Structures are given as structure tokens and as C-alpha cells.
file input_22.pdb (PDB, C-alpha atoms)
MODEL        1
ATOM      1  CA  MET A   1     -24.879   1.741  -0.135
ATOM      2  CA  ALA A   2     -24.508   5.481  -0.488
ATOM      3  CA  VAL A   3     -23.399   7.795   2.289
ATOM      4  CA  LYS A   4     -24.985  11.238   2.584
ATOM      5  CA  GLN A   5     -22.439  13.991   2.172
ATOM      6  CA  LEU A   6     -23.006  17.496   3.484
ATOM      7  CA  SER A   7     -21.916  20.318   1.152
ATOM      8  CA  ILE A   8     -21.701  23.818   2.613
ATOM      9  CA  PHE A   9     -21.178  27.091   0.781
ATOM     10  CA  VAL A  10     -18.526  29.101   2.663
ATOM     11  CA  GLU A  11     -17.596  32.663   1.789
ATOM     12  CA  ASN A  12     -13.854  33.108   1.442
ATOM     13  CA  GLU A  13     -13.509  35.512   4.373
ATOM     14  CA  THR A  14     -11.078  35.251   7.248
ATOM     15  CA  GLY A  15     -12.774  33.471  10.126
ATOM     16  CA  ARG A  16     -15.832  32.236   8.196
ATOM     17  CA  LEU A  17     -14.674  28.603   8.153
ATOM     18  CA  ALA A  18     -13.789  28.873  11.847
ATOM     19  CA  ASN A  19     -17.293  30.200  12.487
ATOM     20  CA  LEU A  20     -18.804  27.248  10.646
ATOM     21  CA  THR A  21     -16.752  24.678  12.533
ATOM     22  CA  GLN A  22     -17.586  26.402  15.829
ATOM     23  CA  ILE A  23     -21.299  26.011  15.058
ATOM     24  CA  LEU A  24     -20.772  22.329  14.308
ATOM     25  CA  ALA A  25     -18.783  21.873  17.527
ATOM     26  CA  ASP A  26     -21.401  23.722  19.581
ATOM     27  CA  HIS A  27     -24.033  21.285  18.298
ATOM     28  CA  GLY A  28     -21.900  18.168  18.863
ATOM     29  CA  ILE A  29     -21.464  17.511  15.139
ATOM     30  CA  ASP A  30     -18.215  15.675  14.387
ATOM     31  CA  LEU A  31     -16.515  15.908  11.004
ATOM     32  CA  ASN A  32     -15.613  12.340  10.045
ATOM     33  CA  ALA A  33     -14.094  13.432   6.722
ATOM     34  CA  ALA A  34     -13.822  16.760   4.941
ATOM     35  CA  THR A  35     -12.435  18.510   1.912
ATOM     36  CA  ILE A  36     -12.759  22.074   0.738
ATOM     37  CA  ALA A  37     -12.394  23.493  -2.752
ATOM     38  CA  GLU A  38     -12.284  27.223  -3.284
ATOM     39  CA  THR A  39     -12.890  29.409  -6.286
ATOM     40  CA  GLY A  40     -11.562  32.704  -4.981
ATOM     41  CA  GLU A  41     -14.689  34.291  -3.505
ATOM     42  CA  TYR A  42     -16.139  31.187  -1.874
ATOM     43  CA  GLY A  43     -15.490  27.539  -1.131
ATOM     44  CA  ILE A  44     -17.518  24.387  -0.890
ATOM     45  CA  LEU A  45     -16.852  22.329   2.216
ATOM     46  CA  ARG A  46     -17.802  18.727   1.524
ATOM     47  CA  CYS A  47     -17.942  16.621   4.637
ATOM     48  CA  ILE A  48     -19.216  13.442   6.205
ATOM     49  CA  VAL A  49     -21.099  13.769   9.485
ATOM     50  CA  GLN A  50     -23.318  11.330  11.356
ATOM     51  CA  ASN A  51     -26.588  13.210  10.663
ATOM     52  CA  PRO A  52     -26.144  15.435   7.600
ATOM     53  CA  GLU A  53     -29.804  16.456   7.322
ATOM     54  CA  GLU A  54     -29.827  17.750  10.900
ATOM     55  CA  ALA A  55     -26.460  19.464  10.385
ATOM     56  CA  ALA A  56     -27.840  21.210   7.281
ATOM     57  CA  LYS A  57     -30.796  22.516   9.316
ATOM     58  CA  VAL A  58     -28.513  23.784  12.084
ATOM     59  CA  LEU A  59     -26.285  25.552   9.572
ATOM     60  CA  ALA A  60     -29.233  27.061   7.689
ATOM     61  CA  LYS A  61     -30.431  28.652  10.938
ATOM     62  CA  GLU A  62     -26.972  30.230  11.231
ATOM     63  CA  GLY A  63     -26.995  31.634   7.698
ATOM     64  CA  PHE A  64     -25.063  28.955   5.818
ATOM     65  CA  MET A  65     -26.334  27.341   2.620
ATOM     66  CA  ALA A  66     -25.971  23.564   2.871
ATOM     67  CA  SER A  67     -27.244  20.562   0.950
ATOM     68  CA  THR A  68     -26.823  16.809   0.974
ATOM     69  CA  SER A  69     -25.909  14.411  -1.805
ATOM     70  CA  ASP A  70     -24.940  10.780  -2.157
ATOM     71  CA  VAL A  71     -21.328   9.627  -2.311
ATOM     72  CA  LEU A  72     -19.788   6.193  -2.006
ATOM     73  CA  ALA A  73     -17.533   5.275   0.909
ATOM     74  CA  VAL A  74     -15.102   2.926  -0.780
ATOM     75  CA  SER A  75     -12.479   0.715   0.796
ATOM     76  CA  ILE A  76      -9.191   0.686  -1.072
ATOM     77  CA  ASP A  77      -6.115  -1.409  -0.542
ATOM     78  CA  ASN A  78      -3.672   0.788   1.356
ATOM     79  CA  ARG A  79      -0.810   0.103  -1.040
ATOM     80  CA  PRO A  80       0.477   1.388  -4.390
ATOM     81  CA  GLY A  81      -2.136   0.705  -7.066
ATOM     82  CA  GLY A  82      -5.030   0.403  -4.607
ATOM     83  CA  LEU A  83      -6.884   3.398  -6.015
ATOM     84  CA  ASN A  84      -5.976   2.498  -9.578
ATOM     85  CA  ARG A  85      -7.763  -0.863  -9.281
ATOM     86  CA  ILE A  86     -11.020   0.914  -8.412
ATOM     87  CA  LEU A  87     -10.654   3.603 -11.058
ATOM     88  CA  GLN A  88      -9.890   1.015 -13.742
ATOM     89  CA  ALA A  89     -13.060  -0.924 -12.856
ATOM     90  CA  LEU A  90     -15.185   2.220 -13.099
ATOM     91  CA  ALA A  91     -13.504   3.446 -16.300
ATOM     92  CA  GLY A  92     -13.983   0.017 -17.854
ATOM     93  CA  ALA A  93     -17.715   0.324 -17.138
ATOM     94  CA  GLY A  94     -17.832   3.829 -18.592
ATOM     95  CA  ILE A  95     -18.493   5.491 -15.225
ATOM     96  CA  GLY A  96     -16.869   8.865 -14.657
ATOM     97  CA  VAL A  97     -15.597  10.042 -11.294
ATOM     98  CA  LYS A  98     -16.432  13.634 -10.369
ATOM     99  CA  TYR A  99     -14.204  13.850  -7.301
ATOM    100  CA  ILE A 100     -12.546  11.829  -4.553
ATOM    101  CA  TYR A 101     -11.298  12.690  -1.109
ATOM    102  CA  SER A 102      -9.718  10.524   1.519
ATOM    103  CA  THR A 103     -11.167   9.917   4.923
ATOM    104  CA  ILE A 104     -10.592   7.674   7.902
ATOM    105  CA  GLN A 105      -9.247   4.162   8.012
ATOM    106  CA  ASP A 106     -11.636   1.269   8.333
ATOM    107  CA  ALA A 107     -11.593  -1.047  11.350
ATOM    108  CA  LYS A 108      -9.079  -3.323   9.595
ATOM    109  CA  GLY A 109      -6.626  -0.472   8.955
ATOM    110  CA  GLY A 110      -7.462  -0.147   5.260
ATOM    111  CA  ALA A 111      -7.879   3.189   3.538
ATOM    112  CA  VAL A 112     -11.341   4.604   2.831
ATOM    113  CA  ILE A 113     -12.144   7.233   0.221
ATOM    114  CA  MET A 114     -15.299   9.195  -0.492
ATOM    115  CA  MET A 115     -16.177   9.113  -4.171
ATOM    116  CA  LYS A 116     -18.735  11.055  -6.218
ATOM    117  CA  THR A 117     -19.541   9.376  -9.535
ATOM    118  CA  GLU A 118     -21.792  10.115 -12.488
ATOM    119  CA  ASP A 119     -23.922   7.037 -11.730
ATOM    120  CA  PRO A 120     -23.709   6.043  -8.030
ATOM    121  CA  GLU A 121     -26.023   3.018  -8.232
ATOM    122  CA  ARG A 122     -24.191   1.498 -11.191
ATOM    123  CA  ALA A 123     -20.803   2.383  -9.684
ATOM    124  CA  GLU A 124     -21.793   0.577  -6.479
ATOM    125  CA  ARG A 125     -22.747  -2.531  -8.446
ATOM    126  CA  ILE A 126     -19.521  -2.496 -10.513
ATOM    127  CA  LEU A 127     -17.351  -2.022  -7.436
ATOM    128  CA  LYS A 128     -19.055  -4.871  -5.578
ATOM    129  CA  GLU A 129     -18.658  -7.110  -8.633
ATOM    130  CA  ASN A 130     -14.939  -6.316  -8.455
ATOM    131  CA  GLY A 131     -14.670  -7.285  -4.790
ATOM    132  CA  VAL A 132     -14.528  -3.741  -3.437
ATOM    133  CA  ASP A 133     -16.053  -3.136   0.000
ATOM    134  CA  LEU A 134     -18.412  -0.194   0.483
ATOM    135  CA  TYR A 135     -19.470   1.271   3.808
ATOM    136  CA  ASP A 136     -22.444   3.034   5.296
ATOM    137  CA  ILE A 137     -22.050   5.868   7.780
ATOM    138  CA  GLY A 138     -22.385   3.597  10.817
ATOM    139  CA  GLU A 139     -19.414   1.552   9.721
ATOM    140  CA  LEU A 140     -17.185   4.606   9.371
ATOM    141  CA  LYS A 141     -17.604   6.027  12.869
ATOM    142  CA  GLN A 142     -15.486   4.159  15.390
TER
ENDMDL
END
call {"tool": "encode", "arguments": {"input": "input_22.pdb", "output": "C-alpha cells"}}
result
Amino acid sequence: MAVKQLSIFVENETGRLANLTQILADHGIDLNAATIAETGEYGILRCIVQNPEEAAKVLAKEGFMASTSDVLAVSIDNRPGGLNRILQALAGAGIGVKYIYSTIQDAKGGAVIMMKTEDPERAERILKENGVDLYDIGELKQ
């Protein structure tokens, strides 16, 4: 049950990120989760929005490079060791994690993380076998 993530190339210039978020706001696109990593000259904004394909089209028209990819929206126990339980299950199955970022809480008040793995389909199966809940985009927006 993968969630489509929107990844946007953002030049590291004062105001460029503000410009991007203004475009999203002007088109009624809400950021449900986001993280940005920068390399000096540019950054990659990874975010979860309700319609990432449409958001990518809107941004392309405004001069931004954007793409979509699959990530897993994973419920973790909101307590010490909650993330470790998930990472141990994946490591035990030989599945590497490329990156993680936190997002909103689920309806029950639990923590939710976005996770990019080397093998999303297998990771989903392993996590479900270990009693971990996964979400689709509709379940994340309250």
C-alpha cells in the first residue's frame, strides 16, 4: 500500500522555497508531510500531498522539476523503541532503508513515518507480517 511522494528540485536561493509553497497554496495543494535535504546549491523537497501527479504538473508549468515515487506510510508505536521494532524487522529481512521522515499522527494518536526502502513491495509484506499498520493517502488526511 504505497503512497505517492512528490519530490521537487529547489534551487538554494533566498525566496525560492517560499515561491514554491506559494504556488502550492494558490492551487489549494496542502502539504501533509514534508522534508527537505540540501546539498549547497539545491535541495530536494520531498512531500506528501493529496494529488501528487497534479501537483507535479502545476509545478512544472511554473518552472520546477518534480517527480513522484512510492514510499510507505508506516504506523509506529509512539514510544521509545517504536521505530527500532520496524527497522529490526526490515534489517532481519535484508531490506535497506534509504530515508525516513516523520509526518502526521494517525486517527488513534499514533506516530506515522514516511519510509523509502530498497524493495517497497517486500518491505510492505514484511511489515504487515510483523503487525505493522500501513496507510494510504486517504487515511492520512483528516
call {"tool": "closest_residue", "arguments": {"input": "input_22.pdb", "among": "A:Glu41, A:Asp136, A:Glu54, A:Asp70", "to": "A:Gln5", "atoms": "all atoms listed in the file"}}
result
A:Asp70
call {"tool": "residues_near_point", "arguments": {"input": "input_22.pdb", "point": "(-14.2, -1.5, -14.8)", "cutoff": "12 Å", "atoms": "all atoms listed in the file", "output": "PDB file with C-alpha atoms, keeping the file's coordinate frame"}}
result
ATOM      1  CA  ASN A  84      -5.976   2.498  -9.578  1.00  0.00           C
ATOM      2  CA  ARG A  85      -7.763  -0.863  -9.281  1.00  0.00           C
ATOM      3  CA  ILE A  86     -11.020   0.914  -8.412  1.00  0.00           C
ATOM      4  CA  LEU A  87     -10.654   3.603 -11.058  1.00  0.00           C
ATOM      5  CA  GLN A  88      -9.890   1.015 -13.742  1.00  0.00           C
ATOM      6  CA  ALA A  89     -13.060  -0.924 -12.856  1.00  0.00           C
ATOM      7  CA  LEU A  90     -15.185   2.220 -13.099  1.00  0.00           C
ATOM      8  CA  ALA A  91     -13.504   3.446 -16.300  1.00  0.00           C
ATOM      9  CA  GLY A  92     -13.983   0.017 -17.854  1.00  0.00           C
ATOM     10  CA  ALA A  93     -17.715   0.324 -17.138  1.00  0.00           C
ATOM     11  CA  GLY A  94     -17.832   3.829 -18.592  1.00  0.00           C
ATOM     12  CA  ILE A  95     -18.493   5.491 -15.225  1.00  0.00           C
ATOM     13  CA  GLY A  96     -16.869   8.865 -14.657  1.00  0.00           C
ATOM     14  CA  ARG A 122     -24.191   1.498 -11.191  1.00  0.00           C
ATOM     15  CA  ALA A 123     -20.803   2.383  -9.684  1.00  0.00           C
ATOM     16  CA  GLU A 124     -21.793   0.577  -6.479  1.00  0.00           C
ATOM     17  CA  ARG A 125     -22.747  -2.531  -8.446  1.00  0.00           C
ATOM     18  CA  ILE A 126     -19.521  -2.496 -10.513  1.00  0.00           C
ATOM     19  CA  LEU A 127     -17.351  -2.022  -7.436  1.00  0.00           C
ATOM     20  CA  LYS A 128     -19.055  -4.871  -5.578  1.00  0.00           C
ATOM     21  CA  GLU A 129     -18.658  -7.110  -8.633  1.00  0.00           C
ATOM     22  CA  ASN A 130     -14.939  -6.316  -8.455  1.00  0.00           C
ATOM     23  CA  GLY A 131     -14.670  -7.285  -4.790  1.00  0.00           C
ATOM     24  CA  VAL A 132     -14.528  -3.741  -3.437  1.00  0.00           C
TER      25      VAL A 132
END
call {"tool": "resolve_selection", "arguments": {"input": "input_22.pdb", "expression": "the PyMOL selection byres ((chain A and resi 59) around 12)", "output": "PyMOL selection string"}}
result
chain A and resi 6-10+19-27+29+52-58+60-67
call {"tool": "write_last_selection", "arguments": {"input": "input_22.pdb", "atoms": "C-alpha atoms", "output": "tab-separated table (two decimals), in the frame of the given file"}}
result
chain	number	residue	atom	x	y	z
A	6	LEU	CA	-23.01	17.50	3.48
A	7	SER	CA	-21.92	20.32	1.15
A	8	ILE	CA	-21.70	23.82	2.61
A	9	PHE	CA	-21.18	27.09	0.78
A	10	VAL	CA	-18.53	29.10	2.66
A	19	ASN	CA	-17.29	30.20	12.49
A	20	LEU	CA	-18.80	27.25	10.65
A	21	THR	CA	-16.75	24.68	12.53
A	22	GLN	CA	-17.59	26.40	15.83
A	23	ILE	CA	-21.30	26.01	15.06
A	24	LEU	CA	-20.77	22.33	14.31
A	25	ALA	CA	-18.78	21.87	17.53
A	26	ASP	CA	-21.40	23.72	19.58
A	27	HIS	CA	-24.03	21.28	18.30
A	29	ILE	CA	-21.46	17.51	15.14
A	52	PRO	CA	-26.14	15.44	7.60
A	53	GLU	CA	-29.80	16.46	7.32
A	54	GLU	CA	-29.83	17.75	10.90
A	55	ALA	CA	-26.46	19.46	10.38
A	56	ALA	CA	-27.84	21.21	7.28
A	57	LYS	CA	-30.80	22.52	9.32
A	58	VAL	CA	-28.51	23.78	12.08
A	60	ALA	CA	-29.23	27.06	7.69
A	61	LYS	CA	-30.43	28.65	10.94
A	62	GLU	CA	-26.97	30.23	11.23
A	63	GLY	CA	-27.00	31.63	7.70
A	64	PHE	CA	-25.06	28.96	5.82
A	65	MET	CA	-26.33	27.34	2.62
A	66	ALA	CA	-25.97	23.56	2.87
A	67	SER	CA	-27.24	20.56	0.95
call {"tool": "resolve_selection", "arguments": {"input": "input_22.pdb", "expression": "the PyMOL selection byres ((chain A and resi 50) around 9)", "output": "PyMOL selection string"}}
result
chain A and resi 4+29-32+48-49+51-52+55+137-138+141
call {"tool": "atom_distance", "arguments": {"input": "input_22.pdb", "atom1": "atom CA of A:Leu83", "atom2": "atom CA of A:Val97"}}
result
12.2 Å
call {"tool": "closest_residue", "arguments": {"input": "input_22.pdb", "among": "A:Asn12, A:Ser102, A:Ser75, A:Ser69", "to": "A:Ala37", "atoms": "all atoms listed in the file"}}
result
A:Asn12
call {"tool": "axis_aligned_box", "arguments": {"input": "input_22.pdb", "around": "stretch 84-88 of chain A", "padding_each_side": "5 Å", "output": "lines of an AutoDock Vina configuration file"}}
result
center_x = -8.5
center_y = 1.4
center_z = -11.1
size_x = 15.0
size_y = 14.5
size_z = 15.3
call {"tool": "residues_around", "arguments": {"input": "input_22.pdb", "residues": "A:Ile76", "least_positions_apart": "3", "cutoff": "7 Å", "atoms": "all atoms listed in the file", "output": "list in words"}}
result
Gly82, Leu83, Gly110, Ala111 and Val112 of chain A
call {"tool": "decode", "arguments": {"input": "input_22.pdb", "residues": "stretch 8-142 of chain A", "atoms": "C-alpha atoms", "output": "PDB file, in the first residue's frame"}}
result
ATOM      1  CA  ILE A   8      10.771  18.752  -6.114  1.00  0.00           C
ATOM      2  CA  PHE A   9      14.140  20.165  -7.112  1.00  0.00           C
ATOM      3  CA  VAL A  10      14.553  23.570  -5.423  1.00  0.00           C
ATOM      4  CA  GLU A  11      17.449  25.904  -6.111  1.00  0.00           C
ATOM      5  CA  ASN A  12      19.090  27.110  -2.922  1.00  0.00           C
ATOM      6  CA  GLU A  13      18.198  30.775  -3.427  1.00  0.00           C
ATOM      7  CA  THR A  14      16.534  33.070  -0.934  1.00  0.00           C
ATOM      8  CA  GLY A  15      12.801  33.050  -1.557  1.00  0.00           C
ATOM      9  CA  ARG A  16      12.723  30.063  -3.939  1.00  0.00           C
ATOM     10  CA  LEU A  17      11.137  27.721  -1.382  1.00  0.00           C
ATOM     11  CA  ALA A  18       8.652  30.456  -0.463  1.00  0.00           C
ATOM     12  CA  ASN A  19       7.814  30.796  -4.155  1.00  0.00           C
ATOM     13  CA  LEU A  20       7.202  27.062  -4.414  1.00  0.00           C
ATOM     14  CA  THR A  21       4.947  26.950  -1.368  1.00  0.00           C
ATOM     15  CA  GLN A  22       3.045  29.999  -2.638  1.00  0.00           C
ATOM     16  CA  ILE A  23       2.319  28.152  -5.893  1.00  0.00           C
ATOM     17  CA  LEU A  24       1.070  25.154  -3.932  1.00  0.00           C
ATOM     18  CA  ALA A  25      -1.103  27.389  -1.739  1.00  0.00           C
ATOM     19  CA  ASP A  26      -2.501  29.242  -4.756  1.00  0.00           C
ATOM     20  CA  HIS A  27      -3.609  25.900  -6.213  1.00  0.00           C
ATOM     21  CA  GLY A  28      -5.099  24.596  -2.948  1.00  0.00           C
ATOM     22  CA  ILE A  29      -2.402  21.945  -2.508  1.00  0.00           C
ATOM     23  CA  ASP A  30      -1.830  21.089   1.156  1.00  0.00           C
ATOM     24  CA  LEU A  31       1.463  19.669   2.394  1.00  0.00           C
ATOM     25  CA  ASN A  32       0.552  16.734   4.636  1.00  0.00           C
ATOM     26  CA  ALA A  33       4.208  15.925   5.356  1.00  0.00           C
ATOM     27  CA  ALA A  34       7.492  17.336   4.111  1.00  0.00           C
ATOM     28  CA  THR A  35      11.235  17.151   4.457  1.00  0.00           C
ATOM     29  CA  ILE A  36      13.990  18.935   2.610  1.00  0.00           C
ATOM     30  CA  ALA A  37      17.607  17.924   2.138  1.00  0.00           C
ATOM     31  CA  GLU A  38      20.079  20.353   0.655  1.00  0.00           C
ATOM     32  CA  THR A  39      23.437  19.920  -0.987  1.00  0.00           C
ATOM     33  CA  GLY A  40      24.600  23.520  -1.069  1.00  0.00           C
ATOM     34  CA  GLU A  41      23.360  24.677  -4.475  1.00  0.00           C
ATOM     35  CA  TYR A  42      19.961  22.991  -4.402  1.00  0.00           C
ATOM     36  CA  GLY A  43      17.596  20.975  -2.253  1.00  0.00           C
ATOM     37  CA  ILE A  44      15.087  18.229  -2.769  1.00  0.00           C
ATOM     38  CA  LEU A  45      11.736  18.837  -1.119  1.00  0.00           C
ATOM     39  CA  ARG A  46      10.039  15.500  -0.528  1.00  0.00           C
ATOM     40  CA  CYS A  47       6.414  15.843   0.411  1.00  0.00           C
ATOM     41  CA  ILE A  48       3.077  14.116   0.671  1.00  0.00           C
ATOM     42  CA  VAL A  49       0.113  15.828  -0.972  1.00  0.00           C
ATOM     43  CA  GLN A  50      -3.345  14.554  -1.857  1.00  0.00           C
ATOM     44  CA  ASN A  51      -2.767  14.543  -5.648  1.00  0.00           C
ATOM     45  CA  PRO A  52       0.975  14.407  -6.358  1.00  0.00           C
ATOM     46  CA  GLU A  53       0.644  13.911 -10.121  1.00  0.00           C
ATOM     47  CA  GLU A  54      -1.468  17.058 -10.459  1.00  0.00           C
ATOM     48  CA  ALA A  55       0.880  18.977  -8.147  1.00  0.00           C
ATOM     49  CA  ALA A  56       3.845  17.934 -10.315  1.00  0.00           C
ATOM     50  CA  LYS A  57       2.067  19.279 -13.415  1.00  0.00           C
ATOM     51  CA  VAL A  58       1.271  22.581 -11.699  1.00  0.00           C
ATOM     52  CA  LEU A  59       4.871  22.974 -10.566  1.00  0.00           C
ATOM     53  CA  ALA A  60       6.278  22.051 -13.984  1.00  0.00           C
ATOM     54  CA  LYS A  61       4.231  24.870 -15.533  1.00  0.00           C
ATOM     55  CA  GLU A  62       5.899  27.214 -13.030  1.00  0.00           C
ATOM     56  CA  GLY A  63       9.424  26.052 -13.851  1.00  0.00           C
ATOM     57  CA  PHE A  64      10.029  23.500 -11.101  1.00  0.00           C
ATOM     58  CA  MET A  65      11.279  19.975 -11.782  1.00  0.00           C
ATOM     59  CA  ALA A  66       9.144  17.478  -9.868  1.00  0.00           C
ATOM     60  CA  SER A  67       8.640  13.727  -9.895  1.00  0.00           C
ATOM     61  CA  THR A  68       6.713  11.123  -7.953  1.00  0.00           C
ATOM     62  CA  SER A  69       7.869   7.923  -6.299  1.00  0.00           C
ATOM     63  CA  ASP A  70       6.468   5.337  -3.934  1.00  0.00           C
ATOM     64  CA  VAL A  71       7.052   5.456  -0.186  1.00  0.00           C
ATOM     65  CA  LEU A  72       5.415   3.586   2.657  1.00  0.00           C
ATOM     66  CA  ALA A  73       3.310   5.373   5.264  1.00  0.00           C
ATOM     67  CA  VAL A  74       4.093   3.326   8.342  1.00  0.00           C
ATOM     68  CA  SER A  75       2.449   3.450  11.738  1.00  0.00           C
ATOM     69  CA  ILE A  76       4.889   3.237  14.619  1.00  0.00           C
ATOM     70  CA  ASP A  77       4.264   2.932  18.313  1.00  0.00           C
ATOM     71  CA  ASN A  78       4.703   6.423  19.735  1.00  0.00           C
ATOM     72  CA  ARG A  79       7.073   5.281  22.469  1.00  0.00           C
ATOM     73  CA  PRO A  80      10.784   4.528  22.898  1.00  0.00           C
ATOM     74  CA  GLY A  81      11.726   1.614  20.645  1.00  0.00           C
ATOM     75  CA  GLY A  82       8.762   2.065  18.295  1.00  0.00           C
ATOM     76  CA  LEU A  83      10.932   2.842  15.282  1.00  0.00           C
ATOM     77  CA  ASN A  84      13.512   0.251  16.260  1.00  0.00           C
ATOM     78  CA  ARG A  85      10.919  -2.543  16.052  1.00  0.00           C
ATOM     79  CA  ILE A  86      10.219  -1.661  12.412  1.00  0.00           C
ATOM     80  CA  LEU A  87      13.863  -1.223  11.465  1.00  0.00           C
ATOM     81  CA  GLN A  88      14.795  -4.547  13.067  1.00  0.00           C
ATOM     82  CA  ALA A  89      12.094  -6.344  11.050  1.00  0.00           C
ATOM     83  CA  LEU A  90      13.349  -4.818   7.801  1.00  0.00           C
ATOM     84  CA  ALA A  91      17.031  -5.406   8.621  1.00  0.00           C
ATOM     85  CA  GLY A  92      16.247  -9.010   9.513  1.00  0.00           C
ATOM     86  CA  ALA A  93      14.727  -9.435   6.043  1.00  0.00           C
ATOM     87  CA  GLY A  94      17.733  -7.806   4.392  1.00  0.00           C
ATOM     88  CA  ILE A  95      15.794  -4.707   3.309  1.00  0.00           C
ATOM     89  CA  GLY A  96      17.666  -1.417   3.417  1.00  0.00           C
ATOM     90  CA  VAL A  97      16.050   1.890   4.290  1.00  0.00           C
ATOM     91  CA  LYS A  98      17.020   4.841   2.097  1.00  0.00           C
ATOM     92  CA  TYR A  99      15.402   7.543   4.219  1.00  0.00           C
ATOM     93  CA  ILE A 100      12.651   8.248   6.732  1.00  0.00           C
ATOM     94  CA  TYR A 101      10.791  11.367   7.720  1.00  0.00           C
ATOM     95  CA  SER A 102       8.031  11.869  10.216  1.00  0.00           C
ATOM     96  CA  THR A 103       4.596  13.102   9.361  1.00  0.00           C
ATOM     97  CA  ILE A 104       1.216  13.471  10.998  1.00  0.00           C
ATOM     98  CA  GLN A 105      -0.369  11.366  13.684  1.00  0.00           C
ATOM     99  CA  ASP A 106      -2.909   8.753  12.737  1.00  0.00           C
ATOM    100  CA  ALA A 107      -6.518   8.936  13.924  1.00  0.00           C
ATOM    101  CA  LYS A 108      -5.618   6.924  17.042  1.00  0.00           C
ATOM    102  CA  GLY A 109      -2.831   9.329  18.045  1.00  0.00           C
ATOM    103  CA  GLY A 110      -0.008   7.042  16.924  1.00  0.00           C
ATOM    104  CA  ALA A 111       3.025   8.295  15.054  1.00  0.00           C
ATOM    105  CA  VAL A 112       3.304   7.880  11.281  1.00  0.00           C
ATOM    106  CA  ILE A 113       6.535   7.954   9.300  1.00  0.00           C
ATOM    107  CA  MET A 114       7.207   8.025   5.578  1.00  0.00           C
ATOM    108  CA  MET A 115       9.784   5.438   4.588  1.00  0.00           C
ATOM    109  CA  LYS A 116      11.672   4.846   1.333  1.00  0.00           C
ATOM    110  CA  THR A 117      13.121   1.336   1.095  1.00  0.00           C
ATOM    111  CA  GLU A 118      15.160  -0.604  -1.436  1.00  0.00           C
ATOM    112  CA  ASP A 119      12.254  -3.007  -2.045  1.00  0.00           C
ATOM    113  CA  PRO A 120       8.877  -1.389  -1.211  1.00  0.00           C
ATOM    114  CA  GLU A 121       6.699  -4.399  -2.067  1.00  0.00           C
ATOM    115  CA  ARG A 122       8.748  -6.800   0.044  1.00  0.00           C
ATOM    116  CA  ALA A 123       9.067  -4.233   2.845  1.00  0.00           C
ATOM    117  CA  GLU A 124       5.275  -3.863   2.894  1.00  0.00           C
ATOM    118  CA  ARG A 125       4.845  -7.627   3.197  1.00  0.00           C
ATOM    119  CA  ILE A 126       7.457  -7.934   5.983  1.00  0.00           C
ATOM    120  CA  LEU A 127       5.954  -5.054   7.946  1.00  0.00           C
ATOM    121  CA  LYS A 128       2.438  -6.487   7.696  1.00  0.00           C
ATOM    122  CA  GLU A 129       3.741  -9.892   8.798  1.00  0.00           C
ATOM    123  CA  ASN A 130       5.153  -8.115  11.855  1.00  0.00           C
ATOM    124  CA  GLY A 131       1.833  -6.483  12.728  1.00  0.00           C
ATOM    125  CA  VAL A 132       2.736  -3.017  11.468  1.00  0.00           C
ATOM    126  CA  ASP A 133      -0.091  -0.899  10.044  1.00  0.00           C
ATOM    127  CA  LEU A 134       0.414   0.858   6.711  1.00  0.00           C
ATOM    128  CA  TYR A 135      -1.719   3.672   5.347  1.00  0.00           C
ATOM    129  CA  ASP A 136      -2.825   5.008   2.007  1.00  0.00           C
ATOM    130  CA  ILE A 137      -3.119   8.727   1.341  1.00  0.00           C
ATOM    131  CA  GLY A 138      -6.834   8.844   2.167  1.00  0.00           C
ATOM    132  CA  GLU A 139      -6.188   7.542   5.645  1.00  0.00           C
ATOM    133  CA  LEU A 140      -3.586  10.209   6.379  1.00  0.00           C
ATOM    134  CA  LYS A 141      -5.685  13.283   5.624  1.00  0.00           C
ATOM    135  CA  GLN A 142      -8.037  14.093   8.477  1.00  0.00           C
TER     136      GLN A 142
END
